[in-house]
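Content type mmCIF, C-alpha atoms, from the file entry_14.cif:
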data_upload
loop_
_atom_site.label_atom_id
_atom_site.label_comp_id
_atom_site.auth_asym_id
_atom_site.auth_seq_id
_atom_site.Cartn_x
_atom_site.Cartn_y
_atom_site.Cartn_z
CA MET A 1 141.96 -194.20 -18.72
CA GLN A 2 144.01 -195.22 -15.72
CA LYS A 3 145.22 -192.32 -13.61
CA LYS A 4 148.98 -191.88 -13.60
CA VAL A 5 150.32 -192.06 -10.06
CA THR A 6 153.07 -189.66 -9.13
CA PRO A 7 155.97 -190.69 -6.85
CA GLN A 8 154.56 -188.47 -4.10
CA GLU A 9 151.05 -189.93 -4.32
CA SER A 10 152.37 -193.49 -4.38
CA GLU A 11 154.02 -193.11 -0.97
CA SER A 12 150.58 -193.08 0.62
CA SER A 13 148.94 -195.53 -1.75
CA ASP A 14 151.45 -198.34 -2.19
CA THR A 15 149.53 -200.43 0.31
CA THR A 16 146.57 -200.56 -2.10
CA LEU A 17 148.43 -200.91 -5.38
CA SER A 18 150.18 -204.07 -6.48
CA ARG A 19 153.87 -204.01 -7.28
CA ARG A 20 153.12 -204.58 -10.94
CA GLN A 21 150.61 -201.69 -10.96
CA LEU A 22 153.19 -199.42 -9.37
CA ILE A 23 155.61 -200.06 -12.20
CA LYS A 24 152.98 -199.67 -14.91
CA THR A 25 151.61 -196.43 -13.48
CA GLY A 26 155.05 -194.92 -13.07
CA ALA A 27 155.22 -194.82 -9.29
CA VAL A 28 158.70 -196.26 -9.35
CA GLY A 29 159.53 -195.20 -12.87
CA THR A 30 161.78 -192.45 -11.60
CA VAL A 31 163.85 -194.96 -9.70
CA GLY A 32 163.68 -197.67 -12.36
CA LEU A 33 165.00 -195.30 -15.01
CA LEU A 34 167.40 -193.45 -12.76
CA ALA A 35 170.67 -192.57 -14.42
CA GLY A 36 172.16 -190.33 -11.77
CA SER A 37 174.63 -191.08 -9.01
CA THR A 38 172.33 -191.13 -5.99
CA VAL A 39 168.85 -192.23 -4.96
CA SER A 40 166.58 -189.60 -3.43
CA GLN A 41 165.32 -190.40 0.06
CA ALA A 42 161.89 -189.17 -1.07
CA GLN A 43 161.55 -192.00 -3.55
CA ILE A 44 159.96 -195.28 -2.53
CA VAL A 45 162.39 -197.60 -0.78
CA PRO A 46 160.90 -200.91 0.36
CA SER A 47 161.78 -202.05 3.84
CA LYS A 48 164.51 -204.61 4.49
CA GLN A 49 161.94 -207.24 5.36
CA SER A 50 159.88 -206.47 2.27
CA VAL A 51 162.89 -206.97 0.00
CA ALA A 52 163.84 -210.17 1.82
CA ASP A 53 160.29 -211.49 1.41
CA GLY A 54 159.92 -210.33 -2.20
CA ARG A 55 159.17 -212.53 -5.17
CA ILE A 56 162.83 -212.47 -6.27
CA ARG A 57 165.51 -214.04 -4.09
CA GLN A 58 168.17 -211.37 -4.49
CA SER A 59 171.90 -211.91 -4.15
CA VAL A 60 175.06 -209.94 -4.99
CA MET A 61 178.36 -210.84 -6.64
CA GLY A 62 180.91 -209.67 -4.10
CA TRP A 63 183.87 -209.18 -6.45
CA CYS A 64 182.10 -206.25 -8.12
CA PHE A 65 182.40 -204.16 -4.94
CA ARG A 66 185.95 -205.10 -3.94
CA ASP A 67 187.31 -201.67 -4.93
CA ARG A 68 184.61 -199.90 -2.91
CA MET A 69 184.41 -201.83 0.37
CA ASP A 70 185.56 -205.01 2.05
CA VAL A 71 183.39 -208.12 2.14
CA PRO A 72 182.20 -207.81 5.79
CA THR A 73 181.07 -204.24 5.14
CA LEU A 74 179.31 -205.26 1.94
CA ALA A 75 177.64 -208.16 3.74
CA LYS A 76 176.29 -205.83 6.42
CA HIS A 77 174.85 -203.49 3.79
CA CYS A 78 173.29 -206.41 1.94
CA LYS A 79 171.65 -207.59 5.14
CA ASP A 80 170.40 -204.07 5.95
CA ILE A 81 168.94 -203.65 2.45
CA GLY A 82 167.25 -207.05 2.55
CA LEU A 83 169.28 -209.09 0.08
CA VAL A 84 169.21 -212.71 1.13
CA ALA A 85 172.46 -214.11 -0.25
CA MET A 86 175.98 -213.42 -1.47
CA GLU A 87 178.37 -215.07 -3.92
CA GLY A 88 181.68 -214.33 -5.63
CA ILE A 89 183.51 -214.04 -2.32
CA SER A 90 186.21 -216.10 -0.64
CA ALA A 91 185.05 -219.22 1.16
CA ASP A 92 186.70 -217.72 4.24
CA HIS A 93 183.75 -215.33 4.40
CA TYR A 94 181.04 -217.98 4.13
CA PRO A 95 180.70 -218.46 7.92
CA MET A 96 180.25 -214.71 8.39
CA VAL A 97 177.57 -214.57 5.69
CA LYS A 98 175.74 -217.52 7.23
CA ALA A 99 176.01 -215.96 10.70
CA LEU A 100 174.17 -212.89 9.34
CA GLY A 101 171.32 -215.16 8.32
CA MET A 102 172.07 -215.01 4.59
CA ASP A 103 172.77 -217.79 2.13
CA VAL A 104 175.67 -218.51 -0.19
CA SER A 105 173.94 -218.51 -3.58
CA LEU A 106 176.82 -219.83 -5.69
CA VAL A 107 180.16 -221.48 -4.95
CA SER A 108 182.88 -220.15 -7.24
CA GLY A 109 186.61 -220.61 -7.52
CA ALA A 110 186.45 -224.29 -8.47
CA HIS A 111 188.32 -223.32 -11.63
CA GLY A 112 188.56 -219.98 -13.38
CA PHE A 113 186.93 -218.98 -16.65
CA ALA A 114 190.30 -219.12 -18.46
CA LYS A 115 191.36 -222.62 -17.43
CA GLY A 116 188.45 -224.73 -18.55
CA PRO A 117 187.84 -228.23 -19.89
CA CYS A 118 188.07 -227.27 -23.56
CA ASN A 119 191.85 -227.36 -23.05
CA PRO A 120 193.22 -230.83 -22.14
CA GLU A 121 195.97 -229.14 -20.15
CA TYR A 122 193.41 -228.23 -17.48
CA HIS A 123 191.47 -231.48 -17.30
CA ASP A 124 192.68 -232.50 -13.83
CA LEU A 125 192.38 -228.93 -12.52
CA VAL A 126 188.73 -228.81 -13.58
CA VAL A 127 187.79 -232.26 -12.27
CA ASN A 128 189.49 -231.75 -8.91
CA GLY A 129 188.25 -228.18 -8.60
CA LEU A 130 184.63 -229.04 -9.30
CA SER A 131 184.79 -232.03 -6.96
CA GLU A 132 186.08 -229.80 -4.17
CA GLY A 133 183.47 -227.18 -5.05
CA ILE A 134 180.69 -229.75 -4.69
CA ASP A 135 181.99 -230.72 -1.25
CA LEU A 136 182.14 -227.07 -0.18
CA ALA A 137 178.67 -226.33 -1.53
CA LYS A 138 177.20 -229.24 0.41
CA GLU A 139 179.00 -228.10 3.55
CA VAL A 140 177.58 -224.55 3.42
CA GLY A 141 174.13 -225.47 2.15
CA CYS A 142 174.59 -223.97 -1.32
CA LYS A 143 172.92 -225.62 -4.32
CA ASN A 144 175.07 -224.29 -7.17
CA VAL A 145 178.72 -224.53 -8.26
CA ILE A 146 179.91 -222.49 -11.23
CA THR A 147 181.85 -223.90 -14.18
CA PHE A 148 183.18 -222.51 -17.47
CA THR A 149 184.30 -223.80 -20.86
CA GLY A 150 187.68 -222.06 -20.71
CA MET A 151 189.50 -220.06 -23.37
CA ARG A 152 190.32 -220.96 -26.95
CA PHE A 153 193.96 -221.85 -27.57
CA ASP A 154 196.31 -222.10 -30.55
CA GLY A 155 195.61 -225.13 -32.72
CA MET A 156 192.29 -225.89 -31.01
CA ASP A 157 189.84 -228.13 -32.84
CA GLU A 158 186.42 -226.80 -31.84
CA GLU A 159 184.56 -230.09 -32.17
CA LYS A 160 187.14 -231.92 -30.08
CA ALA A 161 187.18 -229.08 -27.55
CA ALA A 162 183.41 -229.24 -27.18
CA GLN A 163 183.55 -233.00 -26.67
CA ARG A 164 186.30 -232.58 -24.06
CA CYS A 165 184.03 -230.18 -22.17
CA VAL A 166 181.15 -232.63 -22.17
CA ASP A 167 183.31 -235.62 -21.24
CA THR A 168 185.03 -233.74 -18.41
CA TRP A 169 181.78 -232.53 -16.88
CA LYS A 170 180.37 -236.05 -17.11
CA GLU A 171 183.24 -237.21 -14.90
CA VAL A 172 181.96 -235.11 -11.99
CA ILE A 173 178.23 -234.85 -12.63
CA GLY A 174 177.55 -238.11 -10.79
CA LYS A 175 179.00 -236.65 -7.62
CA ALA A 176 176.92 -233.50 -8.09
CA GLU A 177 173.76 -235.57 -8.51
CA LYS A 178 174.53 -237.67 -5.44
CA ASN A 179 174.96 -234.56 -3.29
CA GLY A 180 172.06 -232.55 -4.70
CA ILE A 181 174.34 -229.92 -6.24
CA THR A 182 173.87 -228.31 -9.65
CA LEU A 183 176.83 -227.33 -11.82
CA VAL A 184 175.97 -224.13 -13.68
CA LEU A 185 177.84 -223.30 -16.89
CA GLU A 186 178.31 -219.58 -17.41
CA HIS A 187 178.09 -218.10 -20.87
CA LEU A 188 180.42 -215.07 -21.21
CA ASN A 189 180.74 -212.40 -23.88
CA SER A 190 183.89 -212.18 -25.99
CA ARG A 191 183.07 -208.78 -27.58
CA ASP A 192 183.99 -206.29 -24.87
CA ASP A 193 187.74 -205.85 -24.63
CA THR A 194 187.72 -202.65 -22.54
CA HIS A 195 188.09 -204.27 -19.12
CA PRO A 196 189.20 -207.74 -17.96
CA MET A 197 185.83 -208.37 -16.28
CA LYS A 198 183.47 -206.67 -18.73
CA GLY A 199 184.27 -209.10 -21.53
CA HIS A 200 186.46 -212.12 -22.20
CA PRO A 201 187.90 -212.17 -25.73
CA GLY A 202 188.75 -215.74 -26.69
CA TYR A 203 186.23 -217.42 -24.36
CA PHE A 204 185.04 -220.65 -25.96
CA GLY A 205 181.49 -220.63 -24.60
CA ASP A 206 180.57 -217.18 -25.90
CA ASP A 207 177.39 -218.28 -27.69
CA VAL A 208 174.50 -219.04 -25.35
CA ASP A 209 172.86 -221.43 -27.83
CA PHE A 210 176.12 -223.39 -28.05
CA CYS A 211 176.27 -223.57 -24.24
CA ILE A 212 172.74 -224.97 -24.18
CA ASP A 213 173.82 -227.63 -26.68
CA LEU A 214 176.70 -228.64 -24.38
CA ILE A 215 174.30 -228.83 -21.45
CA LYS A 216 171.94 -231.06 -23.40
CA GLN A 217 174.84 -233.36 -24.24
CA VAL A 218 175.78 -233.71 -20.57
CA GLY A 219 172.15 -234.73 -20.08
CA SER A 220 171.64 -234.20 -16.35
CA GLU A 221 169.13 -232.21 -14.32
CA ASN A 222 172.13 -231.21 -12.21
CA PHE A 223 173.93 -229.48 -15.08
CA LYS A 224 172.39 -226.19 -16.16
CA LEU A 225 173.07 -222.74 -17.59
CA LEU A 226 174.08 -219.66 -15.65
CA PHE A 227 172.10 -217.13 -17.67
CA ASP A 228 174.00 -213.86 -17.32
CA ILE A 229 171.62 -211.26 -18.72
CA TYR A 230 174.44 -208.81 -19.44
CA HIS A 231 176.56 -211.32 -21.37
CA VAL A 232 173.54 -212.63 -23.32
CA SER A 233 172.63 -209.06 -24.22
CA VAL A 234 176.12 -208.39 -25.57
CA MET A 235 176.48 -211.61 -27.58
CA ASN A 236 173.00 -212.76 -28.53
CA GLY A 237 170.19 -210.43 -27.45
CA ASP A 238 166.52 -211.47 -27.61
CA ILE A 239 166.71 -211.98 -23.86
CA ILE A 240 163.09 -212.68 -22.93
CA ARG A 241 162.56 -215.10 -25.81
CA ARG A 242 165.68 -217.02 -24.77
CA ILE A 243 164.60 -217.08 -21.12
CA ASN A 244 161.36 -218.74 -22.18
CA GLN A 245 163.06 -220.99 -24.72
CA TYR A 246 165.67 -222.27 -22.27
CA LYS A 247 163.79 -222.05 -18.97
CA ASP A 248 164.16 -225.77 -18.31
CA TYR A 249 167.95 -225.50 -18.63
CA ILE A 250 168.57 -222.36 -16.55
CA GLY A 251 169.87 -222.81 -13.01
CA HIS A 252 171.01 -219.31 -12.03
CA TYR A 253 170.86 -215.67 -13.17
CA HIS A 254 173.18 -212.65 -13.10
CA THR A 255 172.33 -209.01 -13.81
CA ALA A 256 174.27 -205.96 -15.01
CA GLY A 257 173.73 -203.02 -17.31
CA ASN A 258 174.79 -203.00 -20.94
CA PRO A 259 176.94 -201.35 -22.14
CA GLY A 260 179.59 -201.04 -19.46
CA ARG A 261 178.46 -203.65 -16.92
CA GLY A 262 177.31 -200.86 -14.63
CA GLU A 263 174.11 -200.41 -12.64
CA ILE A 264 170.78 -201.65 -13.98
CA ASP A 265 169.59 -198.07 -14.34
CA GLY A 266 168.46 -195.70 -17.09
CA SER A 267 171.97 -195.17 -18.44
CA GLN A 268 171.98 -198.56 -20.17
CA GLU A 269 169.90 -200.37 -22.76
CA ILE A 270 168.44 -203.37 -20.92
CA HIS A 271 164.95 -202.76 -19.49
CA TYR A 272 164.95 -205.04 -16.47
CA PRO A 273 161.37 -205.01 -15.07
CA PRO A 274 159.85 -207.10 -17.90
CA ILE A 275 162.87 -209.39 -17.81
CA PHE A 276 162.39 -210.04 -14.10
CA GLU A 277 158.70 -210.62 -14.74
CA ALA A 278 159.48 -213.09 -17.52
CA ILE A 279 161.87 -214.99 -15.24
CA LEU A 280 159.23 -215.25 -12.52
CA GLU A 281 156.58 -216.37 -15.00
CA THR A 282 158.76 -219.36 -15.96
CA GLY A 283 158.39 -220.57 -12.37
CA TYR A 284 162.03 -219.95 -11.52
CA GLU A 285 162.58 -219.96 -7.73
CA GLY A 286 166.35 -219.68 -7.50
CA PHE A 287 168.57 -216.68 -6.89
CA ILE A 288 169.13 -213.68 -9.13
CA ALA A 289 172.52 -212.18 -8.31
CA HIS A 290 173.40 -208.57 -9.11
CA GLU A 291 176.79 -208.59 -10.84
CA PHE A 292 177.25 -205.00 -11.90
CA ILE A 293 180.35 -202.89 -11.26
CA PRO A 294 179.14 -199.80 -9.34
CA THR A 295 179.82 -196.41 -10.89
CA TRP A 296 177.68 -194.17 -8.66
CA ASP A 297 179.37 -192.13 -5.95
CA ASP A 298 177.34 -194.03 -3.35
CA ALA A 299 177.95 -197.73 -3.92
CA VAL A 300 175.37 -198.71 -1.30
CA ALA A 301 172.72 -196.74 -3.17
CA THR A 302 173.39 -198.88 -6.24
CA LEU A 303 172.36 -201.97 -4.29
CA GLN A 304 169.32 -200.23 -2.85
CA HIS A 305 168.27 -199.24 -6.35
CA ALA A 306 168.73 -202.76 -7.73
CA ALA A 307 166.85 -204.25 -4.79
CA GLN A 308 164.02 -201.78 -5.28
CA LEU A 309 163.74 -202.34 -9.02
CA SER A 310 163.68 -206.10 -8.49
CA TYR A 311 161.22 -205.87 -5.59
CA TYR A 312 158.62 -203.88 -7.53
CA THR A 313 158.59 -206.32 -10.42
#
Take the structure in the file and give it back as structure tokens.
Amino acid sequence: MQKKVTPQESESSDTTLSRRQLIKTGAVGTVGLLAGSTVSQAQIVPSKQSVADGRIRQSVMGWCFRDRMDVPTLAKHCKDIGLVAMEGISADHYPMVKALGMDVSLVSGAHGFAKGPCNPEYHDLVVNGLSEGIDLAKEVGCKNVITFTGMRFDGMDEEKAAQRCVDTWKEVIGKAEKNGITLVLEHLNSRDDTHPMKGHPGYFGDDVDFCIDLIKQVGSENFKLLFDIYHVSVMNGDIIRRINQYKDYIGHYHTAGNPGRGEIDGSQEIHYPPIFEAILETGYEGFIAHEFIPTWDDAVATLQHAAQLSYYT
């Protein structure tokens, strides 16, 4: 029988144990299942360089921390922790992020999740927005631009709305291909109505299998799925099976705890270590961005915890 390693013993033995062994033996179990508001300094915290060089290219969605700190402060903490990228921030901050030696992992703001191509009213907004997003992504060295289906509307014919989505994306996909940019369609949950950013009642693309069908209809290697683990958990579940089923169509990942879209800790139902392992086993080499809304007293500790849990996968 394999000896169980305590957190104290692991501090002196982590140089001889693999990351996967550390998780399985419980050396980081205390941190991985943490449900409290702070992280103990006695627990294992990988160095900044170790996180940066880890198997997962970790990023953060900046909007989640806007009530806790400004973007430059968040960027400094991300750099200190070892995260290698940021997204979900104003393009005005891109030069600052690049100056810190980090990447922009996703260009957003091309068009919002509410005003999408399912509604003909927003056709020009989507086409122009995505075109500008592709130009910006190329300029800053980012490979991904986010897109959405948009919200259902009164009198909508679902088949026609789906076809409008496909036809609209096809209008800009050639430009994306030419510039080496991937448009990533985000699936969002429509179940949670407790908070404007925890769920999106009325969102057209609220079924991940339906989103995959739209992606297949666009038919380009430069049009893929943004697999948000939180939203898939809420709407569809069976996360690891879907990761393996759709691995060839996934271009980006987001994390968050369910329920509540809080930290990826022991207070929520998604067990992230095997999910991270499954993602890596598919050969995915892109970014995984943490998109949880911090609830702990120490917002920086939430990022340290997420970075640690991801690192030891």
Return as a PDB file with C-alpha atoms, in the frame of the given file the set of residues that the PyMOL selection byres ((chain A and resi 147) around 8) yields on the displayed structure.
ATOM      1  CA  SER A 108     182.880-220.150  -7.240  1.00  0.00           C
ATOM      2  CA  ALA A 110     186.450-224.290  -8.470  1.00  0.00           C
ATOM      3  CA  HIS A 111     188.320-223.320 -11.630  1.00  0.00           C
ATOM      4  CA  GLY A 112     188.560-219.980 -13.380  1.00  0.00           C
ATOM      5  CA  PHE A 113     186.930-218.980 -16.650  1.00  0.00           C
ATOM      6  CA  GLY A 116     188.450-224.730 -18.550  1.00  0.00           C
ATOM      7  CA  LEU A 130     184.630-229.040  -9.300  1.00  0.00           C
ATOM      8  CA  VAL A 145     178.720-224.530  -8.260  1.00  0.00           C
ATOM      9  CA  ILE A 146     179.910-222.490 -11.230  1.00  0.00           C
ATOM     10  CA  PHE A 148     183.180-222.510 -17.470  1.00  0.00           C
ATOM     11  CA  THR A 149     184.300-223.800 -20.860  1.00  0.00           C
ATOM     12  CA  LEU A 183     176.830-227.330 -11.820  1.00  0.00           C
ATOM     13  CA  VAL A 184     175.970-224.130 -13.680  1.00  0.00           C
ATOM     14  CA  LEU A 185     177.840-223.300 -16.890  1.00  0.00           C
ATOM     15  CA  GLU A 186     178.310-219.580 -17.410  1.00  0.00           C
TER      16      GLU A 186
END
Could you give me the axis-aligned bounding box of range 136-145 of chain A, with 8 Å of padding per side, as centre plus edge lengths in Å to one decimal, as AutoDock Vina command-line options?
--center_x 177.5 --center_y -226.6 --center_z -2.4 --size_x 25.2 --size_y 21.3 --size_z 27.8
Nearest to Tyr122 in chain A by atom-to-atom distance, counting only C-alpha atoms, from A:Tyr203, A:Asp80, A:Thr168, A:Gly101:
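The shortest atom-to-atom distance to Tyr122 in chain A comes from A:Thr168.
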Taking (186.7, -218.5, 2.5) in the file's coordinates as the center, which residues reach within 12 Å of it, counting all atoms listed in the file, put as a count of residues only?
21
Starting from the displayed file, determine the output of the PyMOL selection byres ((chain A and resi 230-234) around 10) and express the residue list as a PyMOL selection string.
chain A and resi 186-192+198-200+206-209+227-229+235-239+242+253-262+264+269-270+291-292
For Glu171 in chain A, which residue out of A:Gly141, A:Pro117, A:Gly155, A:Pro201 is the nearest one, using all atoms listed in the file?
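Looking at the shortest contact to Glu171 in chain A, the residue is A:Pro117.
The closest residue to Ile181 in chain A, picked from A:Phe65, A:Phe223, A:Tyr272, A:Tyr284 and counting all atoms listed in the file, is A:Phe223.
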If you count all atoms listed in the file, which residues fall within 8 Å of Ala162 in chain A, apart from same-chain ones fewer than 3 positions away, as an NGL selection string?
:A and (118 or 158-159 or 165-166 or 214)
Counting all atoms listed in the file, note down every residue that has an atom within 7 Å of the point (167.3, -201.1, -13.4) (file coordinates), as a PyMOL selection string.
chain A and resi 32-33+263-266+271-272+306+309
So what do you get for CA of Ala99 in chain A versus CA of Ala289 in chain A, distance-wise?
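Rounded to one decimal, the two atoms are 19.7 Å apart.
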What residues come out when you apply the PyMOL selection byres ((chain A and resi 248) around 12) to this file, written as an MDAnalysis selection string?
chainID A and resid 212 215:216 220:227 242:247 249:252 279 282:284
